[in-house]
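Text of upload39.csv, listed as CSV, C-alpha atoms:
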chain,number,residue,atom,x,y,z
J,1,MET,CA,-12.9,19.8,-5.6
J,2,CYS,CA,-9.5,18.3,-6.4
J,3,PHE,CA,-6.7,18.0,-3.9
J,4,TRP,CA,-3.0,17.3,-4.6
J,5,ILE,CA,-0.6,15.5,-2.4
J,6,VAL,CA,2.9,15.5,-3.7
J,7,PHE,CA,6.1,13.9,-2.5
J,8,PHE,CA,9.2,14.9,-4.6
J,9,LYS,CA,12.0,12.4,-4.1
J,10,SER,CA,12.3,10.5,-7.3
J,11,LYS,CA,11.6,11.1,-11.0
J,12,GLU,CA,9.7,7.8,-11.0
J,13,ASN,CA,6.3,9.1,-9.8
J,14,TYR,CA,2.9,7.7,-10.4
J,15,LEU,CA,-0.5,9.2,-10.7
J,16,THR,CA,-3.6,7.6,-9.2
J,17,ASN,CA,-7.2,8.7,-9.1
J,18,GLN,CA,-9.2,7.6,-6.0
J,19,LYS,CA,-12.4,9.2,-4.9
J,20,HIS,CA,-11.6,12.5,-6.6
J,21,ILE,CA,-8.2,12.7,-4.9
J,22,ARG,CA,-5.1,12.6,-7.2
J,23,ILE,CA,-2.0,11.3,-5.5
J,24,ILE,CA,1.6,11.4,-6.6
J,25,VAL,CA,3.8,8.9,-4.8
J,26,GLN,CA,7.5,8.0,-5.5
J,27,TYR,CA,8.6,4.4,-6.1
J,28,GLU,CA,11.1,3.8,-3.3
J,29,ASN,CA,13.8,1.1,-3.7
J,30,LEU,CA,11.7,-1.4,-5.6
J,31,GLY,CA,14.9,-3.3,-6.5
J,32,ASP,CA,15.0,-5.9,-9.4
J,33,ARG,CA,11.7,-5.8,-11.2
J,34,MET,CA,9.7,-8.2,-13.4
J,35,LYS,CA,9.5,-6.7,-16.9
J,36,ILE,CA,7.6,-8.1,-19.9
J,37,GLN,CA,8.5,-7.2,-23.5
J,38,LEU,CA,5.5,-6.1,-25.5
J,39,SER,CA,6.9,-5.4,-28.9
J,40,LYS,CA,5.5,-8.5,-30.6
J,41,ILE,CA,2.1,-8.0,-29.0
J,42,ILE,CA,2.0,-4.4,-30.2
J,43,SER,CA,3.1,-5.1,-33.8
J,44,VAL,CA,1.3,-8.3,-34.8
J,45,PRO,CA,-2.4,-7.8,-35.6
J,46,LYS,CA,-4.8,-9.9,-33.5
J,47,TYR,CA,-1.9,-11.5,-31.7
J,48,GLU,CA,-2.7,-13.2,-28.4
J,49,GLU,CA,-0.4,-14.6,-25.7
J,50,THR,CA,-0.6,-15.8,-22.2
J,51,VAL,CA,2.4,-15.1,-20.0
J,52,GLU,CA,3.1,-16.8,-16.7
J,53,ALA,CA,4.3,-14.1,-14.4
J,54,SER,CA,5.5,-13.6,-10.8
J,55,ILE,CA,6.2,-10.6,-8.5
J,56,ASN,CA,9.7,-9.8,-7.6
J,57,LEU,CA,8.6,-7.2,-5.0
J,58,ASN,CA,9.4,-8.3,-1.4
J,59,GLU,CA,8.0,-5.2,0.3
J,60,ILE,CA,5.8,-2.2,-0.3
J,61,LYS,CA,7.8,0.8,0.9
J,62,LEU,CA,5.9,4.1,1.2
J,63,LYS,CA,7.1,7.4,2.8
J,64,GLY,CA,9.8,5.5,4.7
J,65,VAL,CA,7.5,2.8,6.1
J,66,SER,CA,8.1,-0.8,4.9
J,67,TYR,CA,5.3,-3.4,4.6
J,68,PRO,CA,6.8,-6.8,3.9
J,69,ILE,CA,5.1,-9.1,1.4
J,70,ARG,CA,4.6,-12.3,3.3
J,71,GLU,CA,2.8,-14.3,0.6
J,72,LYS,CA,2.6,-14.0,-3.2
J,73,SER,CA,2.0,-16.5,-6.0
J,74,ASP,CA,2.5,-16.9,-9.7
J,75,PHE,CA,-0.3,-15.9,-12.0
J,76,SER,CA,-1.2,-15.7,-15.7
J,77,ILE,CA,-1.5,-12.5,-17.8
J,78,VAL,CA,-3.5,-12.6,-21.0
J,79,PHE,CA,-2.3,-10.2,-23.7
J,80,ARG,CA,-4.2,-9.3,-26.9
J,81,ASN,CA,-3.5,-7.0,-29.8
J,82,ILE,CA,-6.7,-5.1,-30.3
J,83,GLY,CA,-5.7,-2.7,-33.1
J,84,LYS,CA,-2.9,-0.5,-34.5
J,85,ASP,CA,-0.5,0.2,-31.6
J,86,LYS,CA,-3.2,-1.0,-29.1
J,87,ILE,CA,-3.1,-3.9,-26.7
J,88,SER,CA,-5.2,-5.2,-23.8
J,89,PHE,CA,-4.1,-7.3,-20.9
J,90,SER,CA,-5.7,-8.7,-17.7
J,91,PHE,CA,-4.8,-10.7,-14.7
J,92,GLU,CA,-5.8,-11.4,-11.1
J,93,THR,CA,-3.5,-12.2,-8.1
J,94,GLU,CA,-3.3,-11.6,-4.4
J,95,VAL,CA,-0.5,-10.5,-2.1
J,96,THR,CA,-0.4,-10.7,1.7
J,97,LEU,CA,1.3,-7.9,3.5
J,98,GLY,CA,2.6,-7.8,7.1
J,99,ILE,CA,1.1,-4.6,8.6
J,100,PRO,CA,1.6,-3.6,12.3
J,101,CYS,CA,-1.5,-3.5,14.5
J,102,SER,CA,-2.4,0.2,15.2
J,103,ARG,CA,-2.6,-0.5,18.9
J,104,CYS,CA,0.0,-3.1,19.9
J,105,LEU,CA,2.3,-3.1,16.9
J,106,GLU,CA,2.1,-6.9,16.4
J,107,GLU,CA,2.3,-7.8,12.7
J,108,VAL,CA,-1.1,-8.6,11.1
J,109,SER,CA,-1.5,-10.6,7.9
J,110,TYR,CA,-3.4,-8.3,5.5
J,111,PRO,CA,-4.4,-9.8,2.1
J,112,VAL,CA,-4.8,-7.4,-0.9
J,113,SER,CA,-6.6,-8.7,-4.0
J,114,VAL,CA,-5.3,-7.3,-7.3
J,115,LYS,CA,-7.5,-7.4,-10.3
J,116,VAL,CA,-6.3,-5.6,-13.4
J,117,THR,CA,-7.8,-5.1,-16.9
J,118,LYS,CA,-6.1,-2.5,-19.1
J,119,GLU,CA,-6.3,-1.2,-22.7
J,120,LEU,CA,-3.3,0.7,-23.9
J,121,ASP,CA,-2.8,2.9,-26.9
J,122,PHE,CA,0.9,3.2,-27.5
J,123,SER,CA,0.4,6.1,-29.9
J,124,ASP,CA,-1.1,8.1,-27.0
J,125,LEU,CA,-0.1,6.7,-23.5
J,126,ASP,CA,-1.5,8.8,-20.6
J,127,GLU,CA,0.6,9.8,-17.6
J,128,GLU,CA,-0.8,7.0,-15.4
J,129,ASP,CA,0.0,4.3,-17.9
J,130,SER,CA,3.5,5.7,-18.6
J,131,SER,CA,4.5,4.9,-15.0
J,132,TYR,CA,4.7,1.2,-15.6
J,133,ILE,CA,5.4,1.2,-19.4
J,134,GLU,CA,8.9,2.1,-20.7
J,135,ASN,CA,10.4,1.2,-24.1
J,136,LYS,CA,7.5,-1.1,-24.9
J,137,GLU,CA,8.1,-3.0,-21.7
J,138,LEU,CA,5.5,-3.7,-18.9
J,139,ASP,CA,7.1,-3.2,-15.5
J,140,LEU,CA,4.9,-5.6,-13.6
J,141,ASP,CA,6.2,-4.7,-10.1
J,142,ILE,CA,5.5,-1.0,-10.6
J,143,LEU,CA,2.0,-1.9,-11.8
J,144,ILE,CA,1.4,-4.1,-8.7
J,145,PHE,CA,2.8,-1.3,-6.5
J,146,ASP,CA,0.3,1.1,-8.1
J,147,GLU,CA,-2.6,-1.3,-7.5
J,148,VAL,CA,-1.7,-2.2,-3.9
J,149,VAL,CA,-0.8,1.3,-2.5
J,150,PRO,CA,-4.4,2.8,-2.7
J,151,LYS,CA,-5.7,-0.3,-0.9
J,152,LEU,CA,-3.5,0.1,2.1
J,153,PRO,CA,-5.6,0.5,5.2
J,154,SER,CA,-5.4,3.6,7.4
J,155,LYS,CA,-5.8,1.3,10.5
J,156,VAL,CA,-5.3,-2.4,11.2
J,157,LEU,CA,-6.1,-4.2,14.4
J,158,CYS,CA,-4.9,-7.7,15.4
J,159,LYS,CA,-8.3,-8.2,17.0
J,160,GLU,CA,-11.3,-5.9,17.8
J,161,ASP,CA,-10.6,-5.8,21.5
J,162,CYS,CA,-6.8,-5.3,21.2
J,163,LYS,CA,-5.6,-3.8,24.5
J,164,GLY,CA,-2.6,-2.1,23.0
J,165,LEU,CA,0.6,-1.2,24.7
J,166,CYS,CA,1.0,0.2,28.2
J,167,PRO,CA,1.8,3.9,27.8
J,168,VAL,CA,4.1,3.7,30.8
J,169,CYS,CA,6.4,0.7,30.2
J,170,GLY,CA,5.4,-0.4,26.7
J,171,THR,CA,4.3,-3.9,27.6
J,172,ASN,CA,1.9,-5.6,25.2
J,173,LEU,CA,-1.3,-5.8,27.4
J,174,ASN,CA,-2.7,-8.6,25.2
J,175,LYS,CA,0.0,-10.9,26.6
J,176,LYS,CA,0.3,-9.8,30.2
J,177,GLU,CA,-0.7,-7.2,32.7
J,178,CYS,CA,2.2,-5.1,33.8
J,179,GLY,CA,0.8,-3.5,36.9
J,180,CYS,CA,1.7,0.1,36.0
J,181,ASP,CA,-0.5,2.9,37.2
J,182,ARG,CA,-2.0,4.2,34.0
J,183,THR,CA,-4.5,6.5,35.6
J,184,VAL,CA,-4.7,9.8,33.7
J,185,ALA,CA,-5.8,12.7,35.9
J,186,ASP,CA,-8.6,15.0,34.6
J,187,PRO,CA,-7.0,18.5,34.4
J,188,ARG,CA,-10.5,19.9,35.0
J,189,MET,CA,-10.5,18.4,38.5
J,190,ALA,CA,-7.1,19.8,39.5
J,191,ALA,CA,-8.6,23.1,40.9
J,192,ILE,CA,-11.1,21.1,43.0
J,193,GLN,CA,-8.4,18.7,44.3
J,194,ASP,CA,-6.3,21.7,45.3
J,195,ILE,CA,-9.2,23.1,47.3
J,196,PHE,CA,-9.7,19.9,49.2
J,197,LYS,CA,-6.0,19.6,49.8
J,198,ASN,CA,-5.8,23.1,51.3
J,199,PHE,CA,-8.9,22.4,53.4
J,200,LYS,CA,-7.3,19.3,54.9
J,201,GLU,CA,-4.1,21.2,55.7
J,202,VAL,CA,-6.2,23.8,57.6
Exercise: express the given structure as structure tokens:
Amino acid sequence: MCFWIVFFKSKENYLTNQKHIRIIVQYENLGDRMKIQLSKIISVPKYEETVEASINLNEIKLKGVSYPIREKSDFSIVFRNIGKDKISFSFETEVTLGIPCSRCLEEVSYPVSVKVTKELDFSDLDEEDSSYIENKELDLDILIFDEVVPKLPSKVLCKEDCKGLCPVCGTNLNKKECGCDRTVADPRMAAIQDIFKNFKEV
């Protein structure tokens, strides 16, 4: 079965396949981006080039939520011409995101490993590849964005036994105890409590 999740805010959408789920997500405010010209690699038979690259992205922003990139490093991309209008490229890198703890909201450092190996046929680019290729340029930041987003966790904890926030005053209970009464009454006991209360009054 195939499910579709669609967010229409920008014409720059990307298509990702993950566990039989196809997701379309907009690129939001990526700013200045790292682009690599591919014309020579495409046109010169058996051409090979190693390019030193870096990521211009400073955050991953998705559906209005921003995850700052706290650490990133330069890396090498190996490009090869593998036939008429065909190239391949590969690289490995890692970015560390700042993601709030799901319980106490303290920022947690979350490393994401990115390993990419691609073969592109410029005579027949598919929709997924077209998201980061335009006018024979590789938009590296969009590609990194594409690779990182599916790896974002649904839940992050600063530690397994994180106590979270006090639901009454909002104090981070990992740092101190606030003394608030956080007892939640069981509604199923309300009727019995009323009976006892009425009995005492009699």
- Item | Option closest in space to J:Ser39, from J:Ser76, J:Thr93, J:Asn81, J:Ser54 [counting only C-alpha atoms] | J:Asn81
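Atom pair atom CA of J:Val156 / atom CA of J:Tyr110: separated by 8.4 Å.
Computed from the coordinates, the atom CA of J:Ile69 to atom CA of J:Gln37 distance equals 25.2 Å.
The nearest approach to J:Ile77 among the residues J:Thr50, J:Asn174, J:Thr117, J:Thr183, with all atoms listed in the file taken into account, belongs to J:Thr50.
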- Quick one: of J:Glu49, J:Ile41, J:Phe145, J:Leu62, who's nearest to J:Leu120, counting only C-alpha atoms? J:Ile41
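In this structure, atom CA of J:Glu48 sits 23.4 Å away from atom CA of J:Asp126.
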